[in-house]
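Below is one structure, written out as structure tokens; the observations come after it.
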Amino acid sequence: MSFNIALTGLSAVNEQLNTIGNNIANSGTVGFKSSRTNFGSLYAESQAMGVEVTGTSQSISQGGALTTTNRNLDLAISGGGFFVTRASNGDVAYTRAGVFGTDKDSYLTNSLGHKLQGYPANAAGDLETGKLSDLQLKAGGLPAKATDALSFVANLDANEKVPMMTDPANPTGPEIPRAFDLNDAKSYNSTYTTKLYDSQGKEHTLTQYFAKTGDNNWDAHYYVDGASIGAQPLTFTGDGSLANPIAAVTLNVAGLTGGVADLKIALDYTGTSQYGSEFSVTSNRATGYSAGEQTGMSVEKDGKVYASYSNGERLLQGQVVLANFVNAEGLKNISGTAWTETAASGAAMLGAPGVGQYGNLASGALESSNVDLTQQLVGLMEGQRNYQANTQVISTNKELTQVLFNAL
């Protein structure tokens, strides 16, 4: 009986040593989770029969240290969650190994060719949330975009005076308001120039001239490339804010050279004020840009993927999505770094990085293996002693049997 018990011990310890050896071998594998062999006693009613291996469990919930790589497509999760990947046959796997690259079709893939999942962005750069798909970067350059909106926030100095001039018909009489003249700096109080782009990406300038016409009243004159495109009155209330309705205008720019399309620009003055301080512009955001070539890409901590272009623009390509589970330990292990969902783990719950239970993404970093080498080496020595002890039991049993045979 002791011989058979010792054999079960050797078999169990051998499996334990295999697990420890695998942990040590993968101590440098990105996203690897260490395993542990679990034992259980064998009994036949009250008779001890030895030991058996009841299973191997992985420390899925224990994270590894983050190491910097400075490679944009190396991603690490700082907190909870798993990357979602899809194989060519449609199988979905979950992993913490964030070594990603691009294939010939500009899809984000891991080393096995499985495609990273996330929310795509449409042509306008808006995320299509709730539509999980393969993340693909838009290849090629960025075409030019014409300016179609301008948000302008400024303060017009309430201390300014209405531009005045001597009345030519009555030189000795009172002064009269000076008529606006682009070439007469005394006919306006302040000015500001904004860069615009036409449909071919060529640059133009919009110059705004602000002339005070009375208490709380101003005229804004608009010129594109030195040609007038109209004017607009701006009226303020006694507390210095724009009177309702908030002054806004659509600027129509026609006749640009080069055969380009006419510009139609929505100019929004929301937030503009008239206080007793110097003229200042706090916000001047115009849409539009020239054509540009792709120069790189980046992934933000919220999972949003951007492509960078030579014209200084960034275009949203999509957003990486993370998965979490009610019981992550119930996931089925298909490799040391990838798992699939089971009934025990529950269905995957998807969400954006940095929200709730989902950790932030760290670009240019990877999650190291969570193997504790010291602990594994101690386990290796313990397993070695257990193996030796069981072999000693077999050796002693053999000697006793031989003594018994010799006595007969």
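So you can find residues: chains in the structure tokens are A, B, ... in the order shown, residues in each start at 1, and ligands are numbered from 1 in order.
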Non-local contacts of Ile60 of chain A (8 Å; only C-alpha atoms; under 2 positions in same chain excluded) as a PyMOL selection string: chain A and resi 33-34+58+62-63+328-329
Just give me the gap between atom CA of Gly98 of chain A and atom CA of Gly141 of chain A in Å, one decimal is fine.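 Atom CA of Gly141 of chain A lies at a distance of 27.0 Å from atom CA of Gly98 of chain A.
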Using only C-alpha atoms, determine which residues lie at most 10 Å from Phe236 of chain A, disregarding the query and same-chain residues fewer than 6 positions distant; provide the list as an MDAnalysis selection string. chainID A and resid 215:218 242:244 246:247 272:275
So that I can check the surroundings of segment 248-258 of chain A, please list as a JSON list (two decimals) with C-alpha atoms, in the first residue's frame every protein, DNA and RNA residue that reaches within 8 Å of it, counting only C-alpha atoms and ignoring chain neighbours fewer than 6 positions away.
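That gives us out20.json:
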[["chain", "number", "residue", "atom", "x", "y", "z"],
["A", 224, "VAL", "CA", -10.92, 88.24, -46.26],
["A", 229, "ILE", "CA", -17.41, 90.57, -46.95],
["A", 230, "GLY", "CA", -19.75, 92.63, -44.77],
["A", 232, "GLN", "CA", -22.33, 93.22, -38.21],
["A", 264, "LYS", "CA", -19.52, 79.64, -45.71],
["A", 265, "ILE", "CA", -18.27, 80.25, -42.16],
["A", 266, "ALA", "CA", -20.46, 80.18, -39.04],
["A", 267, "LEU", "CA", -18.94, 82.82, -36.73],
["A", 268, "ASP", "CA", -19.95, 82.36, -33.08],
["A", 269, "TYR", "CA", -19.35, 85.16, -30.56],
["A", 270, "THR", "CA", -20.67, 83.25, -27.52]]
With only C-alpha atoms as the counted atoms, please give the residues lying no more than 10 Å from Pro174 of chain A, apart from itself and same-chain residues fewer than 3 positions off, as an NGL selection string. :A and (164-167 or 170-171)
Write the residues of the selection above to a file with C-alpha atoms, as a short mmCIF file (atom, residue, chain, number, x, y, z; two decimals), in the first residue's frame.
data_model
loop_
_atom_site.label_atom_id
_atom_site.label_comp_id
_atom_site.auth_asym_id
_atom_site.auth_seq_id
_atom_site.Cartn_x
_atom_site.Cartn_y
_atom_site.Cartn_z
CA MET A 164 -14.50 110.88 -34.05
CA MET A 165 -13.35 113.37 -36.66
CA THR A 166 -13.71 117.03 -37.58
CA ASP A 167 -16.79 117.80 -39.65
CA ASN A 170 -18.19 122.73 -40.17
CA PRO A 171 -14.50 122.67 -39.17
#
From the set A:Thr191, A:Ser199, A:Thr95, A:Ser59, which residue has the shortest atom-to-atom contact distance to Thr340 of chain A, counting only C-alpha atoms?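 Once distances to Thr340 of chain A are computed over only C-alpha atoms, the minimum belongs to A:Thr95.
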Interface rows for segment 325-368 of chain A against segment 25-32 of chain A: nearest pair, Å to one decimal, 9 Å, only C-alpha atoms, as CSV:
residue,atom,partner,partner_atom,distance
A:Ser335,CA,A:Phe32,CA,8.8
A:Gly336,CA,A:Phe32,CA,5.3
A:Thr337,CA,A:Phe32,CA,4.9
A:Ala338,CA,A:Phe32,CA,8.5
A:Leu366,CA,A:Val30,CA,6.8
A:Glu367,CA,A:Gly31,CA,5.4
A:Ser368,CA,A:Val30,CA,4.8
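Residues surrounding Ile20 of chain A within 12 Å are A:Val13, A:Asn14, A:Glu15, A:Gln16, A:Ile24, A:Ala25, A:Asn26, A:Ser27, A:Ser34, A:Ser35, A:Arg36, A:Thr37, A:Thr56, A:Gln58, A:Val371, A:Asp372, A:Leu373, A:Thr374, A:Gln375, A:Gln376, A:Leu377, A:Val378, A:Gly379, A:Leu380, A:Met381, A:Glu382, A:Gly383, A:Gln384 [only C-alpha atoms; sequence separation below 4 positions excluded].
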Keeping only N, CA and C atoms, write those residues as an mmCIF file, in the first residue's frame.
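Output file out01.cif follows:
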data_model
loop_
_atom_site.group_PDB
_atom_site.id
_atom_site.type_symbol
_atom_site.label_atom_id
_atom_site.label_comp_id
_atom_site.auth_asym_id
_atom_site.auth_seq_id
_atom_site.Cartn_x
_atom_site.Cartn_y
_atom_site.Cartn_z
ATOM 1 N N VAL A 13 3.839 15.438 -7.402
ATOM 2 C CA VAL A 13 4.978 16.352 -7.308
ATOM 3 C C VAL A 13 5.574 16.627 -8.675
ATOM 4 N N ASN A 14 5.589 15.615 -9.523
ATOM 5 C CA ASN A 14 6.105 15.805 -10.878
ATOM 6 C C ASN A 14 5.285 16.842 -11.632
ATOM 7 N N GLU A 15 3.965 16.818 -11.470
ATOM 8 C CA GLU A 15 3.110 17.808 -12.120
ATOM 9 C C GLU A 15 3.334 19.192 -11.512
ATOM 10 N N GLN A 16 3.544 19.230 -10.179
ATOM 11 C CA GLN A 16 3.838 20.503 -9.525
ATOM 12 C C GLN A 16 5.140 21.106 -10.064
ATOM 13 N N ILE A 24 8.714 29.651 -14.192
ATOM 14 C CA ILE A 24 10.069 30.210 -14.263
ATOM 15 C C ILE A 24 10.447 30.505 -15.712
ATOM 16 N N ALA A 25 10.088 29.598 -16.614
ATOM 17 C CA ALA A 25 10.423 29.798 -18.029
ATOM 18 C C ALA A 25 9.730 31.026 -18.608
ATOM 19 N N ASN A 26 8.547 31.374 -18.060
ATOM 20 C CA ASN A 26 7.775 32.512 -18.579
ATOM 21 C C ASN A 26 7.875 33.755 -17.703
ATOM 22 N N SER A 27 8.885 33.815 -16.874
ATOM 23 C CA SER A 27 9.040 34.987 -15.999
ATOM 24 C C SER A 27 9.296 36.262 -16.794
ATOM 25 N N SER A 34 1.131 33.606 -13.493
ATOM 26 C CA SER A 34 1.684 32.387 -12.903
ATOM 27 C C SER A 34 0.574 31.414 -12.520
ATOM 28 N N SER A 35 0.939 30.123 -12.495
ATOM 29 C CA SER A 35 -0.014 29.062 -12.147
ATOM 30 C C SER A 35 0.423 28.361 -10.867
ATOM 31 N N ARG A 36 -0.525 27.649 -10.280
ATOM 32 C CA ARG A 36 -0.253 26.888 -9.062
ATOM 33 C C ARG A 36 -0.961 25.540 -9.166
ATOM 34 N N THR A 37 -0.245 24.469 -8.809
ATOM 35 C CA THR A 37 -0.842 23.134 -8.803
ATOM 36 C C THR A 37 -1.510 22.893 -7.456
ATOM 37 N N THR A 56 -5.103 22.989 -11.742
ATOM 38 C CA THR A 56 -4.105 24.059 -11.789
ATOM 39 C C THR A 56 -4.823 25.385 -11.926
ATOM 40 N N GLN A 58 -4.625 29.743 -12.174
ATOM 41 C CA GLN A 58 -3.783 30.872 -12.530
ATOM 42 C C GLN A 58 -4.132 32.096 -11.691
ATOM 43 N N VAL A 371 5.094 36.560 -12.306
ATOM 44 C CA VAL A 371 5.819 35.477 -11.640
ATOM 45 C C VAL A 371 6.786 36.050 -10.603
ATOM 46 N N ASP A 372 6.682 35.553 -9.352
ATOM 47 C CA ASP A 372 7.626 35.902 -8.290
ATOM 48 C C ASP A 372 8.713 34.832 -8.283
ATOM 49 N N LEU A 373 9.882 35.176 -8.848
ATOM 50 C CA LEU A 373 10.938 34.182 -8.999
ATOM 51 C C LEU A 373 11.388 33.603 -7.658
ATOM 52 N N THR A 374 11.466 34.442 -6.646
ATOM 53 C CA THR A 374 11.886 33.957 -5.321
ATOM 54 C C THR A 374 10.924 32.896 -4.815
ATOM 55 N N GLN A 375 9.650 33.186 -4.933
ATOM 56 C CA GLN A 375 8.627 32.240 -4.475
ATOM 57 C C GLN A 375 8.687 30.953 -5.280
ATOM 58 N N GLN A 376 8.912 31.065 -6.594
ATOM 59 C CA GLN A 376 8.968 29.877 -7.441
ATOM 60 C C GLN A 376 10.188 29.016 -7.114
ATOM 61 N N LEU A 377 11.330 29.641 -6.833
ATOM 62 C CA LEU A 377 12.534 28.871 -6.498
ATOM 63 C C LEU A 377 12.381 28.158 -5.156
ATOM 64 N N VAL A 378 11.715 28.825 -4.205
ATOM 65 C CA VAL A 378 11.432 28.165 -2.921
ATOM 66 C C VAL A 378 10.521 26.966 -3.158
ATOM 67 N N GLY A 379 9.493 27.144 -3.999
ATOM 68 C CA GLY A 379 8.594 26.040 -4.328
ATOM 69 C C GLY A 379 9.320 24.912 -5.035
ATOM 70 N N LEU A 380 10.298 25.283 -5.865
ATOM 71 C CA LEU A 380 11.077 24.273 -6.572
ATOM 72 C C LEU A 380 11.867 23.407 -5.587
ATOM 73 N N MET A 381 12.460 24.051 -4.575
ATOM 74 C CA MET A 381 13.217 23.294 -3.571
ATOM 75 C C MET A 381 12.292 22.427 -2.727
ATOM 76 N N GLU A 382 11.124 22.944 -2.379
ATOM 77 C CA GLU A 382 10.161 22.149 -1.610
ATOM 78 C C GLU A 382 9.702 20.945 -2.419
ATOM 79 N N GLY A 383 9.437 21.154 -3.716
ATOM 80 C CA GLY A 383 9.014 20.051 -4.569
ATOM 81 C C GLY A 383 10.105 19.001 -4.694
ATOM 82 N N GLN A 384 11.364 19.478 -4.769
ATOM 83 C CA GLN A 384 12.480 18.532 -4.852
ATOM 84 C C GLN A 384 12.556 17.657 -3.606
#
Between atom CA of Asn370 of chain A and atom CA of Gly9 of chain A, what distance in Å does the model show, to one decimal? 28.1 Å
List the neighbours of segment 308-319 of chain A out to 7 Å using only C-alpha atoms; skip same-chain residues closer than 5 positions along the sequence, and give me the result as a ChimeraX atom specification. /A:118-121,125,127,135,137-138,290-297,303
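Closest approach to Gly356 of chain A from the set A:Gly201, A:Gly238, A:Gly90, A:Gly79 is made by A:Gly79, with distances taken over only C-alpha atoms.
Picture a line from atom CA of Leu116 of chain A to atom CA of Pro353 of chain A; it runs 14.2 Å.
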Give the helix (DSSP H, G or I) residues of segment 162-341 of chain A, as DSSP finds them on the backbone, and put them as a list in words.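 These are the residues in question: Ala185, Lys186, Ser187, Ala328, Glu329 and Gly330 of chain A.
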Could you save those same residues with N, CA and C atoms as a short mmCIF file (atom, residue, chain, number, x, y, z; two decimals), in the first residue's frame?
data_model
loop_
_atom_site.label_atom_id
_atom_site.label_comp_id
_atom_site.auth_asym_id
_atom_site.auth_seq_id
_atom_site.Cartn_x
_atom_site.Cartn_y
_atom_site.Cartn_z
N ALA A 185 -6.47 103.80 -39.49
CA ALA A 185 -6.42 103.14 -38.20
C ALA A 185 -7.19 103.88 -37.12
N LYS A 186 -7.49 105.17 -37.37
CA LYS A 186 -8.25 105.96 -36.39
C LYS A 186 -9.74 105.71 -36.48
N SER A 187 -10.17 104.94 -37.49
CA SER A 187 -11.60 104.72 -37.69
C SER A 187 -12.11 103.45 -36.99
N ALA A 328 -13.25 36.83 -12.83
CA ALA A 328 -12.16 36.65 -13.79
C ALA A 328 -11.44 35.33 -13.59
N GLU A 329 -11.43 34.81 -12.36
CA GLU A 329 -10.75 33.54 -12.10
C GLU A 329 -11.45 32.37 -12.79
N GLY A 330 -12.69 32.60 -13.24
CA GLY A 330 -13.42 31.53 -13.93
C GLY A 330 -13.15 31.47 -15.41
#
Per DSSP on the backbone, what are the strand (DSSP E) residues of segment 170-258 of chain A, as a PyMOL selection string? chain A and resi 176-177+190-197+203-214+217-224+227-235+248-253
Of the candidates A:Gly50, A:Gly259, A:Gly240, A:Gly354, which one gets nearest to Ala154 of chain A if we count only C-alpha atoms?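 Counting only C-alpha atoms, the residue closest to Ala154 of chain A is A:Gly240.
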